[in-house]
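Okay, model_24.txt is below, compact mmCIF, C-alpha atoms:
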# COMPACT_ATOMS: atom_id res chain seq x y z
CA MET A 254 123.87 85.16 99.79
CA ASN A 255 124.13 81.94 97.81
CA ALA A 256 121.40 80.82 95.40
CA SER A 257 120.13 78.07 97.69
CA ILE A 258 119.47 80.49 100.58
CA LEU A 259 117.75 82.95 98.23
CA LEU A 260 115.51 80.19 96.85
CA GLY A 261 114.75 79.14 100.41
CA ILE A 262 113.68 82.68 101.36
CA LEU A 263 111.48 82.96 98.27
CA LEU A 264 109.77 79.63 99.00
CA ILE A 265 109.19 80.65 102.61
CA ALA A 266 107.74 83.95 101.34
CA VAL A 267 105.17 81.97 99.32
CA GLY A 268 104.30 80.08 102.50
CA ALA A 269 103.99 83.37 104.37
CA PHE A 270 101.48 84.61 101.80
CA SER A 271 99.39 81.49 102.35
CA SER A 272 99.67 81.91 106.12
CA GLY A 273 98.76 85.59 106.00
CA SER A 274 95.71 84.81 103.88
CA PHE A 275 94.17 81.86 105.74
CA ALA A 276 91.76 83.89 107.89
CA VAL A 277 90.19 85.69 104.93
CA PRO A 278 87.60 82.91 104.22
CA PHE A 279 86.30 83.24 107.79
CA GLY A 280 84.68 86.51 106.75
CA LYS A 281 82.43 84.55 104.37
CA ILE A 282 81.04 82.22 107.05
CA LYS A 283 77.51 83.10 108.15
CA GLY A 284 75.65 82.28 111.34
CA TRP A 285 78.31 80.13 113.01
CA GLN A 286 79.99 81.01 116.28
CA TRP A 287 83.77 81.22 116.47
CA GLU A 288 84.31 77.79 118.05
CA THR A 289 82.32 76.10 115.29
CA TYR A 290 84.21 77.42 112.30
CA TRP A 291 87.53 77.15 114.15
CA MET A 292 86.83 73.45 114.70
CA VAL A 293 86.09 72.90 110.99
CA PHE A 294 89.21 74.86 110.07
CA SER A 295 91.27 72.78 112.51
CA LEU A 296 89.96 69.47 111.16
CA GLY A 297 91.27 70.43 107.73
CA ALA A 298 94.46 72.18 108.85
CA TYR A 299 95.63 69.64 111.44
CA ILE A 300 94.32 66.28 110.20
CA LEU A 301 92.86 66.05 106.69
CA PHE A 302 95.42 68.07 104.72
CA PRO A 303 98.52 66.85 106.63
CA LEU A 304 97.32 63.28 106.03
CA MET A 305 96.76 63.98 102.33
CA ALA A 306 100.20 65.58 102.07
CA CYS A 307 101.81 62.51 103.63
CA LEU A 308 99.94 60.17 101.29
CA ILE A 309 101.11 62.21 98.29
CA PHE A 310 104.65 63.26 99.24
CA ALA A 311 105.70 60.71 101.90
CA PRO A 312 103.61 57.54 101.36
CA ASP A 313 105.82 55.57 103.78
CA PHE A 314 104.94 57.96 106.63
CA ILE A 315 103.62 55.22 108.92
CA GLN A 316 106.89 53.29 108.63
CA ILE A 317 108.84 56.53 109.14
CA ILE A 318 106.99 57.33 112.36
CA LYS A 319 107.33 53.73 113.62
CA SER A 320 111.08 53.86 112.94
CA THR A 321 111.48 57.03 115.03
CA PRO A 322 112.26 56.63 118.75
CA SER A 323 108.99 56.91 120.68
CA LYS A 324 110.43 59.61 122.93
CA ILE A 325 110.94 61.91 119.93
CA VAL A 326 107.45 61.22 118.55
CA LEU A 327 105.88 61.89 121.97
CA THR A 328 107.89 65.11 122.40
CA VAL A 329 106.79 66.45 119.02
CA PHE A 330 103.17 65.45 119.73
CA LEU A 331 103.17 67.21 123.12
CA LEU A 332 104.76 70.34 121.64
CA GLY A 333 101.93 70.29 119.11
CA ALA A 334 99.42 70.14 121.97
CA VAL A 335 101.08 73.17 123.61
CA TYR A 336 101.03 74.97 120.27
CA GLY A 337 97.30 74.22 120.14
CA ILE A 338 96.84 76.57 123.10
CA GLY A 339 98.71 79.26 121.19
CA ASN A 340 96.74 78.73 118.00
CA LEU A 341 93.41 78.89 119.83
CA SER A 342 94.59 82.16 121.37
CA PHE A 343 95.64 83.31 117.90
CA GLY A 344 92.11 82.73 116.68
CA LEU A 345 90.85 84.94 119.49
CA ALA A 346 93.45 87.61 118.69
CA LEU A 347 92.22 87.75 115.08
CA ARG A 348 88.64 87.80 116.30
CA TYR A 349 89.18 90.81 118.58
CA LEU A 350 91.92 92.74 116.73
CA GLY A 351 91.48 91.92 113.03
CA LEU A 352 94.14 90.68 110.63
CA SER A 353 96.61 93.57 110.75
CA LEU A 354 97.02 94.16 114.47
CA GLY A 355 96.25 90.56 115.45
CA TYR A 356 99.07 89.18 113.30
CA ALA A 357 101.55 91.90 114.29
CA LEU A 358 101.22 91.43 118.04
CA SER A 359 100.85 87.63 118.03
CA LEU A 360 103.48 86.66 115.49
CA GLY A 361 105.93 89.27 116.73
CA LEU A 362 106.50 87.41 119.97
CA MET A 363 106.46 84.07 118.13
CA LEU A 364 109.18 85.37 115.82
CA ALA A 365 111.58 86.38 118.58
CA ILE A 366 110.98 83.39 120.86
CA GLY A 367 110.59 80.78 118.13
CA THR A 368 113.74 81.84 116.28
CA LEU A 369 116.08 81.89 119.27
CA ILE A 370 114.87 79.26 121.77
CA PRO A 371 115.33 76.07 119.64
CA PRO A 372 118.99 76.81 118.70
CA MET A 373 119.71 77.84 122.29
CA ILE A 374 118.52 74.43 123.45
CA ASP A 375 120.46 72.33 120.92
CA GLY A 376 123.62 74.49 120.87
CA ARG A 377 123.47 75.73 117.28
CA LEU A 378 123.09 79.34 118.40
CA HIS A 379 126.38 79.07 120.31
CA VAL A 380 128.08 77.73 117.18
CA MET A 381 126.56 80.48 115.08
CA MET A 382 127.69 83.17 117.55
CA GLN A 383 131.30 82.23 116.86
CA ASN A 384 131.11 84.07 113.53
CA SER A 385 129.40 87.08 112.02
CA GLY A 386 126.24 85.08 111.24
CA GLY A 387 125.29 84.98 114.92
CA THR A 388 125.56 88.74 115.27
CA LEU A 389 123.51 89.25 112.12
CA LEU A 390 120.83 86.84 113.40
CA ILE A 391 120.45 88.69 116.70
CA LEU A 392 120.45 92.03 114.88
CA GLY A 393 117.81 90.72 112.46
CA VAL A 394 115.55 89.64 115.33
CA VAL A 395 116.02 93.03 117.02
CA VAL A 396 115.19 94.87 113.78
CA ALA A 397 112.11 92.66 113.35
CA CYS A 398 110.97 93.50 116.88
CA VAL A 399 111.40 97.21 116.11
CA GLY A 400 109.28 96.84 112.98
CA ILE A 401 106.66 94.84 114.86
CA ALA A 402 106.59 97.40 117.69
CA LEU A 403 105.98 100.14 115.12
CA SER A 404 103.24 98.05 113.54
CA ALA A 405 101.60 97.56 116.93
CA TRP A 406 101.97 101.28 117.72
CA SER A 407 100.33 102.20 114.43
CA GLY A 408 97.48 99.89 115.38
CA ILE A 409 97.13 101.58 118.76
CA LEU A 410 97.10 105.02 117.09
CA LYS A 411 94.46 103.78 114.70
CA ASP A 412 92.43 102.64 117.70
CA LYS A 413 92.56 106.15 119.13
CA HIS A 414 91.53 107.89 115.90
CA VAL A 415 88.90 105.54 114.50
CA SER A 416 85.43 105.60 116.01
CA ASP A 417 83.93 102.52 117.65
CA LEU A 418 81.32 102.36 114.90
CA LYS A 419 83.95 102.17 112.14
CA LYS A 420 85.91 99.54 114.10
CA GLN A 421 82.81 97.39 114.32
CA GLU A 422 82.23 97.77 110.59
CA SER A 423 85.56 96.10 109.75
CA ILE A 424 86.08 93.95 112.88
CA GLY A 425 82.75 92.80 114.28
CA GLU A 426 83.97 92.07 117.85
CA PHE A 427 86.83 94.57 118.20
CA ASN A 428 88.29 94.58 121.74
CA LEU A 429 91.85 95.86 122.19
CA MET A 430 92.35 94.53 125.72
CA LYS A 431 91.05 91.01 125.06
CA GLY A 432 92.99 90.87 121.79
CA ALA A 433 96.25 92.01 123.39
CA MET A 434 95.95 89.40 126.17
CA ALA A 435 95.31 86.68 123.59
CA SER A 436 98.33 87.85 121.56
CA VAL A 437 100.66 87.59 124.58
CA LEU A 438 99.51 84.00 125.16
CA VAL A 439 100.10 83.27 121.47
CA GLY A 440 103.68 84.48 121.70
CA ILE A 441 104.46 82.41 124.79
CA THR A 442 102.85 79.11 123.77
CA GLY A 443 102.76 79.41 119.98
CA SER A 444 106.53 79.18 119.66
CA ALA A 445 106.23 75.52 120.63
CA MET A 446 105.60 74.91 116.92
CA SER A 447 109.06 76.14 115.99
CA LEU A 448 110.57 73.96 118.72
CA GLY A 449 108.49 71.04 117.46
CA PHE A 450 109.94 71.45 113.97
CA GLU A 451 113.48 71.34 115.33
CA GLN A 452 112.81 68.43 117.71
CA GLY A 453 111.25 66.59 114.78
CA LEU A 454 114.39 66.73 112.64
CA PRO A 455 115.19 63.04 113.42
CA ILE A 456 111.85 62.12 111.82
CA SER A 457 112.85 64.08 108.70
CA GLU A 458 116.24 62.34 108.67
CA ILE A 459 114.59 58.91 108.73
CA ALA A 460 112.27 60.03 105.91
CA SER A 461 115.31 61.05 103.90
CA LYS A 462 116.93 57.65 104.44
CA LEU A 463 113.75 56.02 103.12
CA SER A 464 114.20 57.95 99.86
CA ILE A 465 111.59 60.65 100.50
CA ASP A 466 112.36 63.76 98.44
CA PRO A 467 114.34 66.18 100.68
CA LEU A 468 111.78 68.88 99.86
CA PHE A 469 109.04 66.90 101.62
CA THR A 470 110.72 65.14 104.55
CA MET A 471 108.87 67.47 106.95
CA MET A 472 105.46 66.02 106.09
CA PRO A 473 105.52 63.21 108.70
CA VAL A 474 106.74 65.73 111.29
CA LEU A 475 103.75 67.95 110.55
CA LEU A 476 101.32 65.06 110.92
CA VAL A 477 102.66 64.17 114.38
CA LEU A 478 102.91 67.78 115.53
CA PHE A 479 99.47 68.85 114.36
CA SER A 480 97.81 65.71 115.73
CA GLY A 481 98.73 67.06 119.15
CA THR A 482 97.37 70.47 118.18
CA PHE A 483 94.07 68.94 117.12
CA VAL A 484 93.60 67.20 120.48
CA THR A 485 93.87 70.54 122.31
CA THR A 486 91.51 72.14 119.79
CA ILE A 487 88.84 69.44 120.18
CA VAL A 488 88.79 69.84 123.96
CA TRP A 489 88.41 73.63 123.88
CA CYS A 490 85.99 73.91 120.96
CA VAL A 491 83.67 71.19 122.28
CA TYR A 492 83.73 72.88 125.69
CA LEU A 493 82.82 76.24 124.15
CA GLY A 494 80.21 74.59 121.97
CA TYR A 495 78.54 73.09 125.04
CA LYS A 496 78.85 76.33 127.02
CA ASN A 497 77.52 78.55 124.22
CA ASN A 498 74.94 76.03 122.96
CA SER A 499 76.59 76.16 119.52
CA LEU A 500 77.12 72.43 118.93
CA LYS A 501 74.00 72.54 116.79
CA ASP A 502 75.84 74.82 114.34
CA TYR A 503 77.52 71.80 112.77
CA SER A 504 74.20 70.64 111.35
CA THR A 505 72.12 73.81 111.08
CA ALA A 506 72.29 77.12 109.24
CA ALA A 507 69.87 79.57 107.61
CA SER A 508 69.75 77.27 104.57
CA PRO A 509 71.41 74.07 103.31
CA LYS A 510 73.44 76.18 100.86
CA ILE A 511 74.83 78.36 103.65
CA LEU A 512 75.65 75.27 105.72
CA THR A 513 77.59 73.80 102.79
CA THR A 514 79.46 77.02 102.03
CA ASN A 515 80.32 77.45 105.71
CA TYR A 516 82.03 74.05 105.68
CA LEU A 517 83.77 74.84 102.40
CA PHE A 518 85.10 78.19 103.60
CA GLY A 519 86.22 76.66 106.91
CA LEU A 520 88.11 73.92 105.06
CA LEU A 521 89.54 76.46 102.60
CA ALA A 522 90.98 78.36 105.55
CA GLY A 523 92.52 75.09 106.74
CA LEU A 524 94.01 74.42 103.31
CA LEU A 525 95.55 77.89 103.13
CA TRP A 526 96.95 77.58 106.62
CA PHE A 527 98.43 74.12 106.10
CA GLY A 528 99.62 74.98 102.60
CA GLN A 529 102.17 77.33 104.08
CA PHE A 530 104.03 74.40 105.62
CA ILE A 531 104.39 72.47 102.40
CA VAL A 532 106.22 75.42 100.87
CA TYR A 533 107.87 76.29 104.21
CA GLY A 534 109.28 72.77 104.45
CA MET A 535 110.68 73.10 100.94
CA GLY A 536 112.27 76.45 101.80
CA LYS A 537 113.59 75.19 105.13
CA SER A 538 115.43 72.39 103.33
CA LYS A 539 117.40 75.05 101.43
CA MET A 540 118.59 77.00 104.49
CA GLY A 541 121.66 74.91 105.33
CA PRO A 542 122.54 73.73 108.87
CA PHE A 543 120.90 76.73 110.57
CA THR A 544 117.34 75.79 109.66
CA PHE A 545 115.89 77.69 112.62
CA THR A 546 116.39 80.96 110.70
CA SER A 547 113.47 79.90 108.52
CA TRP A 548 111.01 80.52 111.34
CA GLY A 549 111.86 84.21 111.69
CA ILE A 550 111.44 84.73 107.94
CA LEU A 551 108.05 83.00 107.94
CA MET A 552 106.73 85.02 110.88
CA ALA A 553 108.01 88.36 109.58
CA LEU A 554 106.63 88.01 106.06
CA THR A 555 103.34 86.57 107.31
CA ILE A 556 102.82 89.81 109.27
CA VAL A 557 103.46 91.79 106.09
CA PHE A 558 100.93 89.86 103.98
CA ALA A 559 98.33 89.87 106.76
CA THR A 560 98.64 93.64 107.07
CA VAL A 561 98.10 94.02 103.33
CA TRP A 562 94.94 91.92 103.65
CA GLY A 563 93.88 94.12 106.55
CA LEU A 564 94.22 97.17 104.32
CA MET A 565 92.17 95.54 101.58
CA ARG A 566 89.47 94.66 104.14
CA LYS A 567 89.41 98.35 105.19
CA GLU A 568 90.48 97.63 108.77
CA TRP A 569 92.46 100.90 108.66
CA LYS A 570 89.65 102.98 107.18
CA GLY A 571 89.38 106.35 108.91
CA ALA A 572 92.95 106.40 110.24
CA PRO A 573 94.99 109.58 109.53
CA THR A 574 97.78 109.64 106.94
CA LYS A 575 100.56 109.61 109.55
CA VAL A 576 99.26 106.27 110.87
CA TYR A 577 99.35 104.78 107.35
CA VAL A 578 102.93 106.05 106.92
CA LEU A 579 103.98 104.52 110.23
CA MET A 580 102.36 101.22 109.30
CA ILE A 581 104.06 101.10 105.87
CA LEU A 582 107.41 101.97 107.48
CA SER A 583 106.96 99.08 109.90
CA LEU A 584 106.34 96.69 106.99
CA ILE A 585 109.51 97.81 105.20
CA ILE A 586 111.53 97.26 108.39
CA ILE A 587 110.02 93.80 108.88
CA ILE A 588 110.84 92.80 105.28
CA ILE A 589 114.45 93.94 105.76
CA SER A 590 114.69 91.95 109.00
CA SER A 591 113.49 88.78 107.25
CA PHE A 592 116.37 88.97 104.78
CA MET A 593 118.84 89.69 107.60
CA ILE A 594 117.67 86.57 109.44
CA GLY A 595 117.85 84.50 106.25
CA ILE A 596 121.33 85.72 105.27
CA SER A 597 122.66 85.04 108.79
CA GLY A 598 122.54 81.30 108.14
CA SER A 599 125.06 81.59 105.31
CA GLU A 600 127.56 83.84 107.06
Just give me the structure of the file as structure tokens.
Amino acid sequence: MNASILLGILLIAVGAFSSGSFAVPFGKIKGWQWETYWMVFSLGAYILFPLMACLIFAPDFIQIIKSTPSKIVLTVFLLGAVYGIGNLSFGLALRYLGLSLGYALSLGLMLAIGTLIPPMIDGRLHVMMQNSGGTLLILGVVVACVGIALSAWSGILKDKHVSDLKKQESIGEFNLMKGAMASVLVGITGSAMSLGFEQGLPISEIASKLSIDPLFTMMPVLLVLFSGTFVTTIVWCVYLGYKNNSLKDYSTAASPKILTTNYLFGLLAGLLWFGQFIVYGMGKSKMGPFTFTSWGILMALTIVFATVWGLMRKEWKGAPTKVYVLMILSLIIIIISSFMIGISGSE
């Protein structure tokens, strides 16, 4: 593994930590229904922070987007809207399953689909399969799926051993069936983000020609992609707000202090979530021609960090030792798979 690939993996790992941590501030929000704090989170994650990043790292972003063929911009925007469905489902998966199991089931499918579909479409997977790197990539995805399956199995075993009362103590609305259904939808639609990144490469190339630092040429892509995501989010969250009579949450809380802190924690979650892509974009730029391998690394390591947070939040409290051992084994396997996927791009 050359130094550039290793640096890329390390940068993506930092992004994965940010991604695996973004839902933690939600636990500090009081009195708001899910659709309210998810809307505040989304405003920060999809609009405010991407716009700030463009202003700081790619100040010519408007010219970059105007210089990109409209078909490409529209495609990336629409893929962002499809991803919005996946991310809304992801929010529900975390709501019903908690951090550990919610991340494992949701991101597992996103890893496999999001790593392989984009290069299948543009032909890079066929090129990669002509040498040992292609075999290593497929093997890495398979190993990741094994690790994720073990992680999910450990979660199911935990569900059998832990009482409903203890589940409710750590995950207020625990529901295995609803969470699993949401996770499947995440895997199917959420991988549109990975495809959006790859379809947005022409935008990055134009940014590079306009002298944007190669580490930050993804910023305009993110702004276009997540603008589509925000449109989907607005529609669903406003609908739920009307249905659940929670639109008043935006202006009311038990006290002005709680209202302010709710907004701050919602925006902090958005900052953590978006922050992953600043570092991810930097790492992706180091991965050579096979940039799609970055996605598998991000998903795999995000699952690891989210599971660690789940342990710290006592989501596994009451589970027997053998379940802990199985869960830790699954994390080790997932970490190994992330390096296999990363190395495959240099073979």
At a cut-off of 7 Å, using all atoms listed in the file, what residues contact range 294-298 of chain A? Leave out same-chain residues fewer than 6 positions from it and give the result as a PyMOL selection string. chain A and resi 483+519-520+522-524+526-527
Edge lengths and centre in Å to one decimal, as AutoDock Vina command-line options, is what I'm after for the box along x, y and z that holds all listed atoms of range 385-399 of chain A once 4 Å is added on each side.
--center_x 120.2 --center_y 91.1 --center_z 114.1 --size_x 26.4 --size_y 20.2 --size_z 13.8
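Counting all atoms listed in the file, the residue from A:Ser444, A:Thr513, A:Thr560, A:Gln286 that sits nearest to Leu332 in chain A is A:Ser444.
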Give me the residues near Ile585 in chain A as a short mmCIF file (atom, residue, chain, number, x, y, z; two decimals) with C-alpha atoms, in the coordinates of the input, where near means some atom within 12 Å (using all atoms listed in the file) and where sequence neighbours in that chain fewer than 2 positions away do not count.
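The resulting selection_38.cif:
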data_model
loop_
_atom_site.label_atom_id
_atom_site.label_comp_id
_atom_site.auth_asym_id
_atom_site.auth_seq_id
_atom_site.Cartn_x
_atom_site.Cartn_y
_atom_site.Cartn_z
CA VAL A 396 115.19 94.87 113.78
CA ALA A 397 112.11 92.66 113.35
CA VAL A 399 111.40 97.21 116.11
CA GLY A 400 109.28 96.84 112.98
CA ILE A 401 106.66 94.84 114.86
CA LEU A 403 105.98 100.14 115.12
CA SER A 404 103.24 98.05 113.54
CA ALA A 553 108.01 88.36 109.58
CA LEU A 554 106.63 88.01 106.06
CA ILE A 556 102.82 89.81 109.27
CA VAL A 557 103.46 91.79 106.09
CA PHE A 558 100.93 89.86 103.98
CA THR A 560 98.64 93.64 107.07
CA VAL A 578 102.93 106.05 106.92
CA LEU A 579 103.98 104.52 110.23
CA MET A 580 102.36 101.22 109.30
CA ILE A 581 104.06 101.10 105.87
CA LEU A 582 107.41 101.97 107.48
CA SER A 583 106.96 99.08 109.90
CA ILE A 587 110.02 93.80 108.88
CA ILE A 588 110.84 92.80 105.28
CA ILE A 589 114.45 93.94 105.76
CA SER A 590 114.69 91.95 109.00
CA SER A 591 113.49 88.78 107.25
CA PHE A 592 116.37 88.97 104.78
#
Restricting to only C-alpha atoms, whichever of A:Tyr533, A:Tyr356, A:Phe270, A:Trp285 is closest to Gly432 in chain A is A:Tyr356
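Among the candidates A:Pro322, A:Pro278, A:Gly453, A:Gly494, the one nearest to Leu475 in chain A when counting only C-alpha atoms is A:Gly453.
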From the options A:Val491, A:Ala346, A:Leu301, A:Leu476, which residue's atoms come nearest to Ala435 in chain A, counting all atoms listed in the file? A:Ala346
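For the pair CA of Met363 in chain A and CA of Ser547 in chain A, the interatomic distance is 12.6 Å.
Proximity to Val488 in chain A was assessed for A:Ala269, A:Leu341, A:Phe330, A:Gly351 counting all atoms listed in the file; the smallest distance is recorded for A:Leu341.
Shortest atom-to-atom contact with Val437 in chain A among A:Pro509, A:Gly408, A:Gly339, A:Pro473: A:Gly339, counting only C-alpha atoms.
When CA of Ile594 in chain A is paired with CA of Gly549 in chain A, their separation reads 6.7 Å.
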Å distance separating CA of Tyr290 in chain A from CA of Leu521 in chain A, one decimal place: 11.1 Å
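Using all atoms listed in the file, the contacts of Ile309 in chain A at a cut-off of 12 Å, with sequence neighbours closer than 5 positions omitted, comprise A:Phe302, A:Pro303, A:Leu304, A:Phe314, A:Ile465, A:Asp466, A:Phe469, A:Thr470, A:Met472, A:Pro473, A:Ile531.
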What would the list of residues within 9 Å of (108.1, 72.4, 99.3) (file frame) look like as a tab-separated table (two decimals) with C-alpha atoms, in the coordinates of the input, if all atoms listed in the file are what count?
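After the write, point.tsv holds the following:
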chain	number	residue	atom	x	y	z
A	264	LEU	CA	109.77	79.63	99.00
A	265	ILE	CA	109.19	80.65	102.61
A	467	PRO	CA	114.34	66.18	100.68
A	468	LEU	CA	111.78	68.88	99.86
A	469	PHE	CA	109.04	66.90	101.62
A	530	PHE	CA	104.03	74.40	105.62
A	531	ILE	CA	104.39	72.47	102.40
A	532	VAL	CA	106.22	75.42	100.87
A	533	TYR	CA	107.87	76.29	104.21
A	534	GLY	CA	109.28	72.77	104.45
A	535	MET	CA	110.68	73.10	100.94
A	536	GLY	CA	112.27	76.45	101.80
A	537	LYS	CA	113.59	75.19	105.13
A	538	SER	CA	115.43	72.39	103.33
Can you tell me which residues surround Val477 in chain A at a distance of at most 8 Å, considering all atoms listed in the file, apart from same-chain residues fewer than 5 positions away, and format the answer as an mmCIF file with C-alpha atoms, keeping the file's coordinate frame?
data_model
loop_
_atom_site.group_PDB
_atom_site.id
_atom_site.type_symbol
_atom_site.label_atom_id
_atom_site.label_comp_id
_atom_site.auth_asym_id
_atom_site.auth_seq_id
_atom_site.Cartn_x
_atom_site.Cartn_y
_atom_site.Cartn_z
ATOM 1 C CA VAL A 326 107.450 61.220 118.550
ATOM 2 C CA VAL A 329 106.790 66.450 119.020
ATOM 3 C CA PHE A 330 103.170 65.450 119.730
ATOM 4 C CA GLY A 333 101.930 70.290 119.110
#
All residues 12 Å or closer to Lys462 in chain A, only C-alpha atoms, same chain fewer than 5 positions away omitted, as an mmCIF file with C-alpha atoms, in the frame of the given file:
data_model
loop_
_atom_site.group_PDB
_atom_site.id
_atom_site.type_symbol
_atom_site.label_atom_id
_atom_site.label_comp_id
_atom_site.auth_asym_id
_atom_site.auth_seq_id
_atom_site.Cartn_x
_atom_site.Cartn_y
_atom_site.Cartn_z
ATOM 1 C CA ALA A 311 105.700 60.710 101.900
ATOM 2 C CA ASP A 313 105.820 55.570 103.780
ATOM 3 C CA GLN A 316 106.890 53.290 108.630
ATOM 4 C CA ILE A 317 108.840 56.530 109.140
ATOM 5 C CA SER A 320 111.080 53.860 112.940
ATOM 6 C CA THR A 321 111.480 57.030 115.030
ATOM 7 C CA PRO A 455 115.190 63.040 113.420
ATOM 8 C CA ILE A 456 111.850 62.120 111.820
ATOM 9 C CA SER A 457 112.850 64.080 108.700
ATOM 10 C CA PRO A 467 114.340 66.180 100.680
ATOM 11 C CA THR A 470 110.720 65.140 104.550
#
Would you fill out range 351-364 of chain A with N, CA and C atoms and return it as an mmCIF file, in the coordinates of the input?
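Printed below is part35.cif as written:
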data_model
loop_
_atom_site.group_PDB
_atom_site.id
_atom_site.type_symbol
_atom_site.label_atom_id
_atom_site.label_comp_id
_atom_site.auth_asym_id
_atom_site.auth_seq_id
_atom_site.Cartn_x
_atom_site.Cartn_y
_atom_site.Cartn_z
ATOM 1 N N GLY A 351 91.403 91.880 114.478
ATOM 2 C CA GLY A 351 91.480 91.920 113.030
ATOM 3 C C GLY A 351 92.800 91.358 112.535
ATOM 4 N N LEU A 352 92.943 91.298 111.220
ATOM 5 C CA LEU A 352 94.140 90.680 110.630
ATOM 6 C C LEU A 352 95.405 91.468 110.918
ATOM 7 N N SER A 353 95.390 92.773 110.680
ATOM 8 C CA SER A 353 96.610 93.570 110.750
ATOM 9 C C SER A 353 97.229 93.553 112.138
ATOM 10 N N LEU A 354 96.490 94.045 113.117
ATOM 11 C CA LEU A 354 97.020 94.160 114.470
ATOM 12 C C LEU A 354 97.142 92.794 115.134
ATOM 13 N N GLY A 355 96.197 91.887 114.855
ATOM 14 C CA GLY A 355 96.250 90.560 115.450
ATOM 15 C C GLY A 355 97.506 89.800 115.054
ATOM 16 N N TYR A 356 97.853 89.836 113.772
ATOM 17 C CA TYR A 356 99.070 89.180 113.300
ATOM 18 C C TYR A 356 100.324 89.848 113.871
ATOM 19 N N ALA A 357 100.350 91.179 113.866
ATOM 20 C CA ALA A 357 101.550 91.900 114.290
ATOM 21 C C ALA A 357 101.905 91.586 115.742
ATOM 22 N N LEU A 358 100.935 91.666 116.626
ATOM 23 C CA LEU A 358 101.220 91.430 118.040
ATOM 24 C C LEU A 358 101.509 89.956 118.316
ATOM 25 N N SER A 359 100.707 89.061 117.738
ATOM 26 C CA SER A 359 100.850 87.630 118.030
ATOM 27 C C SER A 359 102.135 87.050 117.447
ATOM 28 N N LEU A 360 102.336 87.274 116.162
ATOM 29 C CA LEU A 360 103.480 86.660 115.490
ATOM 30 C C LEU A 360 104.786 87.354 115.828
ATOM 31 N N GLY A 361 104.710 88.587 116.318
ATOM 32 C CA GLY A 361 105.930 89.270 116.730
ATOM 33 C C GLY A 361 106.647 88.532 117.833
ATOM 34 N N LEU A 362 105.901 88.166 118.875
ATOM 35 C CA LEU A 362 106.500 87.410 119.970
ATOM 36 C C LEU A 362 106.923 86.016 119.511
ATOM 37 N N MET A 363 106.099 85.392 118.648
ATOM 38 C CA MET A 363 106.460 84.070 118.130
ATOM 39 C C MET A 363 107.750 84.129 117.334
ATOM 40 N N LEU A 364 107.959 85.219 116.609
ATOM 41 C CA LEU A 364 109.180 85.370 115.820
ATOM 42 C C LEU A 364 110.409 85.360 116.718
#
